[in-house]
$ cat input_5.txt   # compact mmCIF, C-alpha atoms
# COMPACT_ATOMS: atom_id res chain seq x y z
CA MET V 203 25.67 15.44 14.72
CA CYS V 204 22.98 17.39 12.90
CA VAL V 205 25.49 19.22 10.67
CA PRO V 206 28.83 17.53 9.81
CA ALA V 207 31.83 19.59 10.82
CA ASN V 208 33.01 20.06 7.23
CA GLN V 209 29.70 21.45 6.05
CA THR V 210 27.87 24.69 6.56
CA ALA V 211 24.28 24.76 7.67
CA PRO V 212 21.92 25.98 4.97
CA GLU V 213 21.26 29.68 5.10
CA ALA V 214 17.48 29.51 5.24
CA LYS V 215 15.12 31.93 6.85
CA LEU V 216 13.18 29.88 9.34
CA ALA V 217 9.78 30.64 10.78
CA LYS V 218 9.66 31.10 14.54
CA SER V 219 7.99 27.70 14.99
CA ASP V 220 10.82 26.06 13.01
CA GLN V 221 13.76 27.48 14.95
CA TRP V 222 14.20 24.24 16.90
CA VAL V 223 15.57 22.53 13.80
CA LYS V 224 18.77 24.61 13.83
CA THR V 225 20.08 22.90 16.98
CA PHE V 226 18.37 19.55 16.48
CA ASP V 227 20.69 16.54 16.96
CA PHE V 228 19.40 14.29 14.19
CA ASP V 229 21.65 11.31 14.91
CA ALA V 230 21.00 11.23 18.66
CA PHE V 231 17.23 11.49 18.18
CA THR V 232 17.31 8.64 15.66
CA GLU V 233 19.31 6.45 18.00
CA ASP V 234 17.03 7.12 20.98
CA VAL V 235 13.88 6.29 19.03
CA LYS V 236 15.32 3.13 17.50
CA LYS V 237 16.56 1.92 20.86
CA LEU V 238 13.18 2.42 22.53
CA GLY V 239 11.37 0.70 19.66
CA ASP V 240 13.61 -2.34 19.87
CA GLU V 241 13.10 -2.59 23.65
CA LEU V 242 9.33 -2.35 23.33
CA GLU V 243 9.23 -5.03 20.67
CA LYS V 244 11.39 -7.44 22.65
CA ASN V 245 9.25 -6.98 25.78
CA GLN V 246 5.93 -7.90 24.14
CA GLY V 247 4.38 -11.11 25.41
CA PRO V 248 1.42 -12.64 27.29
CA ALA V 249 0.45 -9.32 28.92
CA ASP V 250 -0.15 -7.82 25.47
CA VAL V 251 -2.38 -10.75 24.50
CA ARG V 252 -4.35 -10.46 27.75
CA HIS V 253 -4.84 -6.75 27.06
CA LEU V 254 -6.03 -7.50 23.52
CA ASN V 255 -8.52 -10.05 24.86
CA LYS V 256 -9.79 -7.49 27.35
CA MET V 257 -10.43 -4.97 24.57
CA ILE V 258 -12.10 -7.65 22.45
CA MET V 259 -14.40 -8.48 25.38
CA TRP V 260 -15.36 -4.82 25.80
CA SER V 261 -15.99 -4.42 22.08
CA ASN V 262 -18.03 -7.63 21.84
CA ALA V 263 -20.05 -6.57 24.88
CA CYS V 264 -21.07 -3.43 23.01
CA GLY V 265 -22.06 -5.54 20.01
CA LEU V 266 -24.08 -7.91 22.16
CA VAL V 267 -25.98 -5.08 23.85
CA GLY V 268 -26.75 -3.61 20.44
CA MET V 269 -27.97 -6.93 19.05
CA LEU V 270 -30.24 -7.63 22.01
CA THR V 271 -31.87 -4.20 22.00
CA MET V 272 -31.98 -3.18 18.32
CA GLY V 273 -35.43 -4.71 17.76
CA PHE V 274 -37.17 -2.87 20.60
CA GLY V 275 -37.76 0.51 19.01
CA VAL V 276 -35.37 3.15 17.74
CA HIS V 277 -33.43 4.61 20.67
CA ALA V 278 -29.95 5.55 21.87
CA VAL V 279 -28.88 2.26 23.51
CA PRO V 280 -28.65 0.06 20.38
CA ILE V 281 -27.40 2.95 18.25
CA ILE V 282 -24.51 3.79 20.58
CA ALA V 283 -23.70 0.15 21.34
CA LEU V 284 -23.67 -0.97 17.70
CA SER V 285 -21.73 2.11 16.65
CA THR V 286 -19.10 1.58 19.36
CA PHE V 287 -18.73 -2.07 18.37
CA THR V 288 -18.18 -1.15 14.72
CA PHE V 289 -15.74 1.62 15.62
CA THR V 290 -13.64 -0.40 18.06
CA ARG V 291 -13.62 -3.57 15.96
CA TRP V 292 -11.91 -1.54 13.25
CA THR V 293 -9.73 0.96 15.07
CA MET V 294 -8.45 -1.31 17.86
CA ILE V 295 -8.77 -4.95 16.95
CA ALA V 296 -8.46 -5.05 13.16
CA HIS V 297 -6.14 -2.06 13.00
CA HIS V 298 -3.41 -3.35 15.29
CA THR V 299 -3.75 -6.97 14.22
CA CYS V 300 -3.49 -6.10 10.52
CA HIS V 301 -0.33 -4.11 11.30
CA GLY V 302 1.27 -7.19 12.84
CA GLY V 303 1.04 -6.00 16.43
CA TYR V 304 0.37 -9.53 17.67
CA ASP V 305 2.25 -11.60 15.08
CA LYS V 306 4.96 -12.70 17.50
CA CYS V 307 3.24 -12.67 20.88
CA HIS V 308 -0.18 -14.21 20.13
CA PRO V 309 -0.33 -18.02 20.44
CA ASN V 310 -3.00 -18.37 17.73
CA LYS V 311 -0.92 -17.70 14.62
CA SER V 312 -3.64 -18.95 12.28
CA ARG V 313 -5.88 -15.98 13.02
CA TRP V 314 -4.18 -13.18 14.94
CA ASN V 315 -1.64 -12.50 12.22
CA ARG V 316 -1.53 -9.70 9.70
CA PHE V 317 -1.38 -12.19 6.82
CA LYS V 318 -4.45 -14.08 8.10
CA PHE V 319 -6.82 -11.71 9.88
CA ALA V 320 -10.00 -10.82 7.90
CA ILE V 321 -8.49 -11.65 4.52
CA GLY V 322 -8.92 -14.52 2.09
CA GLY V 323 -12.65 -14.39 1.44
CA LEU V 324 -16.03 -13.13 2.57
CA TRP V 325 -16.33 -15.60 5.47
CA ASN V 326 -13.05 -14.45 7.05
CA ARG V 327 -14.09 -10.86 6.49
CA MET V 328 -17.42 -11.44 8.24
CA CYS V 329 -15.86 -13.29 11.18
CA ASP V 330 -12.92 -10.97 11.83
CA TRP V 331 -13.72 -7.47 10.59
CA PHE V 332 -16.83 -6.69 8.58
CA ASP V 333 -17.03 -3.07 7.47
CA TRP V 334 -17.44 -0.94 4.35
CA MET V 335 -13.78 -1.33 3.38
CA LEU V 336 -12.27 -4.48 1.89
CA PRO V 337 -9.58 -5.57 4.40
CA GLU V 338 -7.04 -6.41 1.69
CA ALA V 339 -7.52 -2.95 0.19
CA TRP V 340 -7.24 -1.21 3.54
CA ASN V 341 -4.03 -3.08 4.29
CA VAL V 342 -2.44 -1.63 1.16
CA GLU V 343 -3.85 1.88 1.47
CA HIS V 344 -3.31 2.34 5.19
CA ASN V 345 -0.55 -0.01 6.30
CA ASN V 346 1.74 0.78 3.38
CA ARG V 347 0.76 3.88 1.44
CA HIS V 348 -0.34 6.05 4.36
CA HIS V 349 2.20 4.94 6.95
CA TYR V 350 5.24 5.10 4.70
CA CYS V 351 4.27 8.26 2.79
CA LEU V 352 2.94 10.26 5.72
CA SER V 353 2.09 13.86 4.81
CA GLU V 354 3.68 13.53 1.38
CA LEU V 355 1.64 13.99 -1.78
CA GLU V 356 1.66 10.18 -2.12
CA ASP V 357 -0.18 9.88 1.21
CA PRO V 358 -3.72 8.79 0.22
CA ASP V 359 -5.11 10.13 3.52
CA LEU V 360 -3.71 13.65 3.24
CA VAL V 361 -6.77 15.72 4.14
CA GLU V 362 -5.42 18.94 2.67
CA ASN V 363 -4.97 17.27 -0.71
CA ASN V 364 -8.16 15.19 -0.71
CA LEU V 365 -10.35 18.19 0.12
CA VAL V 366 -8.71 20.55 -2.36
CA ASP V 367 -11.99 21.10 -4.25
CA LEU V 368 -13.79 22.18 -1.09
CA ARG V 369 -10.82 24.26 0.06
CA ASN V 370 -10.68 26.15 -3.25
CA LEU V 371 -14.42 26.59 -3.63
CA PRO V 372 -15.02 30.36 -4.04
CA VAL V 373 -17.72 30.65 -1.38
CA PRO V 374 -17.70 31.91 2.22
CA ILE V 375 -16.34 29.51 4.84
CA PHE V 376 -19.69 29.26 6.63
CA LEU V 377 -21.26 27.81 3.46
CA LYS V 378 -18.59 25.10 3.34
CA TRP V 379 -19.52 24.17 6.89
CA LEU V 380 -22.98 23.20 5.63
CA VAL V 381 -21.64 20.15 3.80
CA LEU V 382 -19.59 18.92 6.76
CA PRO V 383 -22.40 16.96 8.51
CA ILE V 384 -22.85 14.93 5.33
CA LEU V 385 -19.12 14.35 4.89
CA VAL V 386 -18.42 13.26 8.46
CA THR V 387 -21.34 10.80 8.63
CA THR V 388 -20.76 9.11 5.25
CA TRP V 389 -17.00 9.27 4.64
CA LYS V 390 -16.28 5.56 5.16
CA TRP V 391 -18.43 4.41 2.26
CA PHE V 392 -18.33 7.62 0.21
CA TYR V 393 -14.54 8.13 0.27
CA TYR V 394 -12.62 5.48 2.19
CA ALA V 395 -14.06 2.29 0.67
CA PRO V 396 -13.61 3.34 -2.99
CA ASN V 397 -10.22 4.96 -2.40
CA THR V 398 -8.73 2.02 -0.49
CA TYR V 399 -9.90 -0.28 -3.29
CA LYS V 400 -8.27 2.06 -5.81
CA GLU V 401 -4.98 1.73 -3.94
CA LEU V 402 -5.26 -2.07 -4.00
CA LYS V 403 -5.91 -2.09 -7.74
CA LEU V 404 -3.13 0.43 -8.32
CA ALA V 405 -0.67 -1.74 -6.37
CA ARG V 406 -1.64 -4.74 -8.48
CA TRP V 407 -1.22 -2.72 -11.66
CA ARG V 408 2.25 -1.63 -10.63
CA LYS V 409 3.24 -5.18 -9.68
CA ALA V 410 2.05 -6.44 -13.06
CA GLY V 411 3.81 -3.60 -14.88
CA LYS V 412 0.52 -2.25 -16.22
CA LYS V 413 0.74 1.33 -17.45
CA ILE V 414 -1.45 3.97 -15.85
CA PRO V 415 -3.63 5.61 -18.53
CA GLU V 416 -2.51 9.00 -19.74
CA GLY V 417 -4.17 11.84 -17.90
CA VAL V 418 -4.88 9.76 -14.80
CA ASN V 419 -3.27 11.05 -11.61
CA PRO V 420 -2.81 8.06 -9.26
CA THR V 421 -2.70 10.34 -6.21
CA ASP V 422 -6.22 11.67 -6.83
CA ALA V 423 -8.80 10.17 -4.50
CA VAL V 424 -11.54 7.97 -5.94
CA THR V 425 -14.92 8.54 -4.30
CA ILE V 426 -18.53 7.58 -4.92
CA ARG V 427 -18.83 10.87 -6.80
CA SER V 428 -16.01 9.72 -9.09
CA LEU V 429 -17.86 6.49 -9.81
CA LEU V 430 -21.16 8.27 -10.50
CA PHE V 431 -19.73 11.03 -12.67
CA GLY V 432 -17.18 9.66 -15.12
CA GLY V 433 -16.01 6.50 -13.39
CA THR V 434 -12.44 5.40 -12.78
CA PRO V 435 -10.08 3.32 -14.94
CA PHE V 436 -9.14 1.14 -11.97
CA TYR V 437 -12.44 -0.72 -11.61
CA SER V 438 -16.11 -0.63 -12.60
CA SER V 439 -18.97 0.43 -10.37
CA TRP V 440 -20.34 -3.11 -10.42
CA GLU V 441 -17.00 -4.57 -9.36
CA PHE V 442 -16.84 -2.12 -6.49
CA PHE V 443 -20.38 -2.89 -5.34
CA SER V 444 -20.19 -6.67 -5.71
CA ILE V 445 -16.80 -7.07 -4.01
CA VAL V 446 -16.38 -4.17 -1.59
CA VAL V 447 -19.52 -2.43 -0.30
CA GLY V 448 -22.33 -4.64 -1.57
CA PRO V 449 -21.75 -7.62 0.74
CA TYR V 450 -21.57 -5.37 3.79
CA PHE V 451 -24.61 -3.32 2.77
CA ILE V 452 -26.83 -6.35 2.13
CA ILE V 453 -25.66 -8.65 4.93
CA HIS V 454 -25.12 -6.14 7.73
CA PHE V 455 -28.22 -4.00 7.26
CA PHE V 456 -30.80 -6.48 5.92
CA LEU V 457 -29.80 -10.13 6.41
CA PHE V 458 -28.24 -9.82 9.86
CA PRO V 459 -31.52 -8.70 11.56
CA LEU V 460 -33.70 -11.21 9.64
CA PRO V 461 -34.24 -13.49 12.69
CA LEU V 462 -36.21 -10.64 14.23
CA LEU V 463 -38.93 -11.27 11.64
CA ALA V 464 -39.56 -14.65 13.25
CA VAL V 465 -39.24 -13.21 16.75
CA GLY V 466 -41.70 -10.46 15.86
CA GLU V 467 -44.23 -12.94 14.51
CA TYR V 468 -43.90 -15.01 17.68
CA MET V 469 -44.38 -11.94 19.88
CA GLY V 470 -47.25 -10.64 17.79
CA THR V 471 -45.53 -7.44 16.66
CA GLY V 472 -45.25 -8.36 12.99
CA HIS V 473 -42.40 -6.67 11.13
CA GLU V 474 -41.89 -3.92 13.68
CA MET V 475 -38.85 -5.49 15.37
CA TYR V 476 -37.10 -6.06 12.05
CA ILE V 477 -37.82 -2.54 10.85
CA SER V 478 -36.61 -1.07 14.15
CA ALA V 479 -33.39 -3.09 13.87
CA VAL V 480 -32.73 -1.90 10.32
CA LYS V 481 -33.29 1.71 11.36
CA ASN V 482 -31.00 1.32 14.36
CA LEU V 483 -28.29 -0.24 12.19
CA PHE V 484 -28.40 2.65 9.72
CA LEU V 485 -28.35 5.26 12.49
CA ALA V 486 -25.51 3.40 14.21
CA ASP V 487 -23.55 3.54 10.96
CA LEU V 488 -23.96 7.31 10.78
CA LEU V 489 -22.69 7.58 14.36
CA ALA V 490 -19.80 5.19 13.67
CA ASN V 491 -18.79 7.38 10.73
CA PHE V 492 -18.89 10.45 12.94
CA HIS V 493 -16.96 8.72 15.74
CA GLY V 494 -14.40 7.54 13.21
CA PHE V 495 -14.03 10.99 11.72
CA VAL V 496 -13.39 12.54 15.13
CA ALA V 497 -10.77 9.95 16.12
CA ILE V 498 -9.15 9.16 12.75
CA VAL V 499 -9.28 12.04 10.27
CA THR V 500 -7.98 14.45 12.92
CA ASN V 501 -4.76 12.48 13.50
CA HIS V 502 -2.67 14.28 10.89
CA ALA V 503 -4.45 17.53 10.05
CA GLY V 504 -3.97 21.03 11.40
CA ASP V 505 -1.98 24.19 10.83
CA ASP V 506 0.63 22.88 13.28
CA MET V 507 1.24 19.68 11.29
CA TYR V 508 4.08 19.49 8.76
CA ARG V 509 4.07 18.38 5.11
CA PHE V 510 7.03 16.98 3.18
CA ARG V 511 8.17 17.11 -0.43
CA ASP V 512 10.10 13.88 -0.94
CA GLY V 513 9.83 10.33 0.29
CA CYS V 514 12.13 8.82 2.90
CA ARG V 515 13.38 5.37 3.78
CA PRO V 516 11.16 3.55 6.33
CA TYR V 517 12.62 3.50 9.84
CA SER V 518 15.29 6.06 8.99
CA GLY V 519 15.93 9.19 11.02
CA SER V 520 13.78 11.23 8.64
CA PHE V 521 11.02 8.67 8.93
CA TYR V 522 11.00 8.83 12.73
CA LEU V 523 11.06 12.62 12.74
CA ARG V 524 8.19 12.88 10.28
CA GLN V 525 5.96 10.58 12.29
CA VAL V 526 6.23 12.96 15.25
CA LEU V 527 5.93 16.18 13.26
CA ALA V 528 2.91 15.07 11.21
CA SER V 529 0.93 13.26 13.92
CA VAL V 530 -0.93 14.26 17.05
CA ASP V 531 -1.76 12.41 20.27
CA PHE V 532 -5.01 12.96 22.17
CA TRP V 533 -5.65 12.41 25.88
CA THR V 534 -4.03 9.15 26.99
CA GLY V 535 -3.58 6.98 30.04
CA SER V 536 -6.52 4.68 30.89
CA ASP V 537 -8.09 1.74 29.09
CA PHE V 538 -11.57 3.30 29.07
CA ASN V 539 -10.31 6.59 27.65
CA ASP V 540 -8.20 4.73 25.09
CA PHE V 541 -11.10 2.42 24.20
CA MET V 542 -13.33 5.39 23.37
CA HIS V 543 -10.52 6.83 21.23
CA GLY V 544 -10.04 3.46 19.53
CA PHE V 545 -6.40 3.59 20.74
CA LEU V 546 -5.86 6.18 18.01
CA ASN V 547 -4.90 8.67 20.71
CA TYR V 548 -1.39 7.17 20.54
CA GLN V 549 -0.93 8.18 16.92
CA ILE V 550 2.66 9.40 17.28
CA GLU V 551 3.81 6.19 18.94
CA HIS V 552 1.83 4.05 16.49
CA HIS V 553 3.40 5.77 13.49
CA LEU V 554 6.89 5.42 14.92
CA TRP V 555 6.45 1.65 15.29
CA PRO V 556 3.31 0.46 13.44
CA SER V 557 3.82 -3.20 14.34
CA LEU V 558 3.45 -2.99 18.12
CA SER V 559 0.51 -3.83 20.37
CA MET V 560 -1.96 -1.44 21.96
CA LEU V 561 -0.41 -2.04 25.37
CA SER V 562 3.03 -1.14 24.03
CA TYR V 563 1.70 2.24 22.90
CA GLN V 564 0.38 2.91 26.38
CA ARG V 565 3.78 2.06 27.84
CA SER V 566 5.74 4.08 25.29
CA GLN V 567 3.80 7.37 25.23
CA PRO V 568 5.49 9.12 28.18
CA LEU V 569 8.86 7.80 27.04
CA VAL V 570 8.42 9.13 23.51
CA LYS V 571 7.25 12.47 24.83
CA ALA V 572 10.38 12.64 27.01
CA ILE V 573 12.63 11.88 24.03
CA CYS V 574 11.01 14.66 22.03
CA GLU V 575 11.39 17.13 24.91
CA LYS V 576 15.03 16.10 25.27
CA HIS V 577 15.75 16.86 21.61
CA GLY V 578 13.47 19.88 21.23
CA VAL V 579 11.14 18.17 18.75
CA PRO V 580 7.54 19.49 18.78
CA TYR V 581 5.27 16.86 20.33
CA VAL V 582 1.61 17.78 19.86
CA GLN V 583 -0.93 16.37 22.32
CA GLN V 584 -4.38 17.94 22.59
CA ASN V 585 -8.00 17.21 23.35
CA VAL V 586 -9.53 15.42 20.34
CA PHE V 587 -12.26 18.04 19.97
CA SER V 588 -9.64 20.79 19.67
CA ARG V 589 -8.20 18.78 16.79
CA VAL V 590 -11.62 18.51 15.15
CA LYS V 591 -11.68 22.30 14.85
CA LYS V 592 -8.18 22.35 13.38
CA THR V 593 -9.11 19.60 10.91
CA VAL V 594 -12.27 21.39 9.81
CA ASP V 595 -10.21 24.53 9.22
CA ILE V 596 -7.93 22.53 6.91
CA MET V 597 -10.90 20.96 5.12
CA THR V 598 -12.57 24.29 4.44
CA GLY V 599 -9.39 26.18 3.53
CA ALA V 600 -9.51 28.47 6.56
CA THR V 601 -5.95 27.38 7.41
CA SER V 602 -3.20 25.33 5.78
CA MET V 603 -0.60 22.85 6.95
CA LYS V 604 3.00 24.02 7.08
CA TRP V 605 5.88 22.77 5.00
CA PHE V 606 9.01 21.41 6.65
CA PRO V 607 12.03 23.63 5.79
CA GLU V 608 13.25 22.35 2.44
CA ASP V 609 16.98 22.68 3.09
CA TYR V 610 16.74 20.66 6.27
CA GLU V 611 14.52 18.07 4.63
CA LYS V 612 17.19 17.46 1.99
CA LYS V 613 20.00 17.47 4.54
CA PHE V 614 18.29 14.91 6.74
CA LEU V 615 17.61 12.65 3.75
CA ALA V 616 21.29 12.84 2.85
CA ARG V 617 22.21 11.98 6.42
CA ASP V 618 19.88 8.97 6.27
CA ALA V 619 21.91 7.64 3.35
CA VAL V 620 25.15 7.99 5.31
CA LEU V 621 23.73 6.25 8.39
CA GLU V 622 22.25 3.45 6.27
CA ALA V 623 25.65 2.79 4.72
CA LYS V 624 27.17 2.46 8.20
CA LYS V 625 24.45 0.12 9.43
CA LYS V 626 25.68 -3.01 7.62
CA ASN V 627 26.97 -4.66 10.78
CA GLY V 628 24.93 -7.85 11.13
CA LYS V 629 22.19 -6.39 13.29
CA PRO V 630 19.46 -8.97 14.20
CA VAL V 631 16.30 -8.66 12.12
CA LEU V 632 13.39 -7.36 14.18
CA LEU V 633 9.71 -7.23 13.33
CA SER V 634 10.05 -3.57 12.39
CA ASP V 635 12.63 -4.51 9.74
CA LYS V 636 10.20 -7.01 8.27
CA CYS V 637 7.50 -4.32 8.15
CA MET V 638 9.90 -2.09 6.25
CA GLU V 639 10.53 -4.85 3.71
CA ALA V 640 6.80 -5.43 3.32
CA ALA V 641 6.21 -1.74 2.71
CA GLN V 642 8.71 -1.80 -0.14
CA GLU V 643 7.18 -4.75 -1.96
$ encode --input "input_5.txt" --output "structure tokens"
Amino acid sequence: MCVPANQTAPEAKLAKSDQWVKTFDFDAFTEDVKKLGDELEKNQGPADVRHLNKMIMWSNACGLVGMLTMGFGVHAVPIIALSTFTFTRWTMIAHHTCHGGYDKCHPNKSRWNRFKFAIGGLWNRMCDWFDWMLPEAWNVEHNNRHHYCLSELEDPDLVENNLVDLRNLPVPIFLKWLVLPILVTTWKWFYYAPNTYKELKLARWRKAGKKIPEGVNPTDAVTIRSLLFGGTPFYSSWEFFSIVVGPYFIIHFFLFPLPLLAVGEYMGTGHEMYISAVKNLFLADLLANFHGFVAIVTNHAGDDMYRFRDGCRPYSGSFYLRQVLASVDFWTGSDFNDFMHGFLNYQIEHHLWPSLSMLSYQRSQPLVKAICEKHGVPYVQQNVFSRVKKTVDIMTGATSMKWFPEDYEKKFLARDAVLEAKKKNGKPVLLSDKCMEAAQE
């Protein structure tokens, strides 16, 4: 039951949009979500691997088209193809593999495993997932910090917190809009690469028992601006360039198209093919940043998304509830639609069970939506471009996210403790339990 019989529900004045919580059956919702997650995990197999291979083929096809056309002038075909390859290689292939979505069902355990994919050195990074972010750093920042601190102050991807300077800037909203084109086309290297690396260094500091310097707030984002104006105690600018962004910048934009110098000489065009390729690669990166912003940053921002004050135990009732209340799904249903969204249009389902495959999220979406409707839990699903507007409003301070009712947040956390105490019954360990343990390391 939501409220034990010997207790009285907190006398709190609830907003109209929060009235559902008064009759919410916390235990039943928790049980339904856990049961569905266990069934989905047990049913993963060869079909999930075939679906992954299909998405890899589509992504690689985009990359191949981009490679074959990038030397023949600056135009839309190589820019869109290269951008789509970069976007999907991250959001679909690296994302779900690094979460462990194929750990159990993929036959090639030496590569398609979250402890193997893209990590262990520059060669693995280049072969599996080559982008501005260091894969090891992204695994810490995203897979652990973001997923298990969603919409808390400890969430490193909390847009409302990370854009506080812009939100509080005492200028008209329309002037803030002027900086948005720069932000949305550069955010991966300007914000995400340095901040994910900060989270990796911070995790290592904590593991080693190293004290955080006085006056340093570990929840503050580290950006290129931070490195240029004052630096950060977590790492030097040279360390960041030489390990994180430098290899990608040099190899991807300048060394990768080098063969076109020889091709150009053979065809009598000189350096033109190489220069065209470099230009196309840079323009494709701008587009990939924009595409990523539209599909990623919008997942958890909006005035209809909740924030929370305290942390909760992974895979508890509070955890499941928060993933629904602080996430949004976009249009879903077909592989092509999902491919263009990077399979990030199943954000609610992905946050409920981070270690499942892309195909499992397709299967689960209508079932999760039905569970939420059954229990009266708000399930937000909108066109991605509608969410862009809501996200921009949060970024500029035009609107704010809403806080989950404090009394109910505390009550649900207390109920989690009771249910956890009752759970010691020899339940088989599933992949989700292992993810929980990894998040607590």
$ residues_around --input "input_5.txt" --residues "Cys264 of chain V" --least-positions-apart "3" --cutoff "8 Å" --atoms "all atoms listed in the file" --output "count of residues only"
8
$ closest_residue --input "input_5.txt" --among "V:Asp512, V:Glu467, V:Glu608, V:Asp618" --to "Leu352 of chain V" --atoms "only C-alpha atoms"
V:Asp512
$ closest_residue --input "input_5.txt" --among "V:Arg313, V:Arg369, V:His253, V:Lys409" --to "Asn326 of chain V" --atoms "only C-alpha atoms"
V:Arg313
$ residues_around --input "input_5.txt" --residues "Ser439 of chain V" --least-positions-apart "6" --cutoff "10 Å" --atoms "all atoms listed in the file" --output "PyMOL selection string"
chain V and resi 396+426+428-430+433
$ closest_residue --input "input_5.txt" --among "V:Ile596, V:Val579, V:Leu558, V:Met335" --to "His301 of chain V" --atoms "only C-alpha atoms"
V:Leu558
$ atom_distance --input "input_5.txt" --atom1 "atom CA of Asn547 of chain V" --atom2 "atom CA of Val447 of chain V"
27.9 Å
$ residues_near_point --input "input_5.txt" --point "(-14.0, 13.7, 14.0)" --cutoff "9 Å" --atoms "all atoms listed in the file" --output "list in words"
Val386, Asn491, Phe492, His493, Gly494, Phe495, Val496, Ala497, Ile498, Val499, Thr500, Val586, Phe587, Arg589, Val590, Lys591, Thr593 and Val594 of chain V
$ residues_around --input "input_5.txt" --residues "Ala296 of chain V" --least-positions-apart "3" --cutoff "9 Å" --atoms "all atoms listed in the file" --output "MDAnalysis selection string"
chainID V and resid 290:293 299:301 319:320 330:331 337
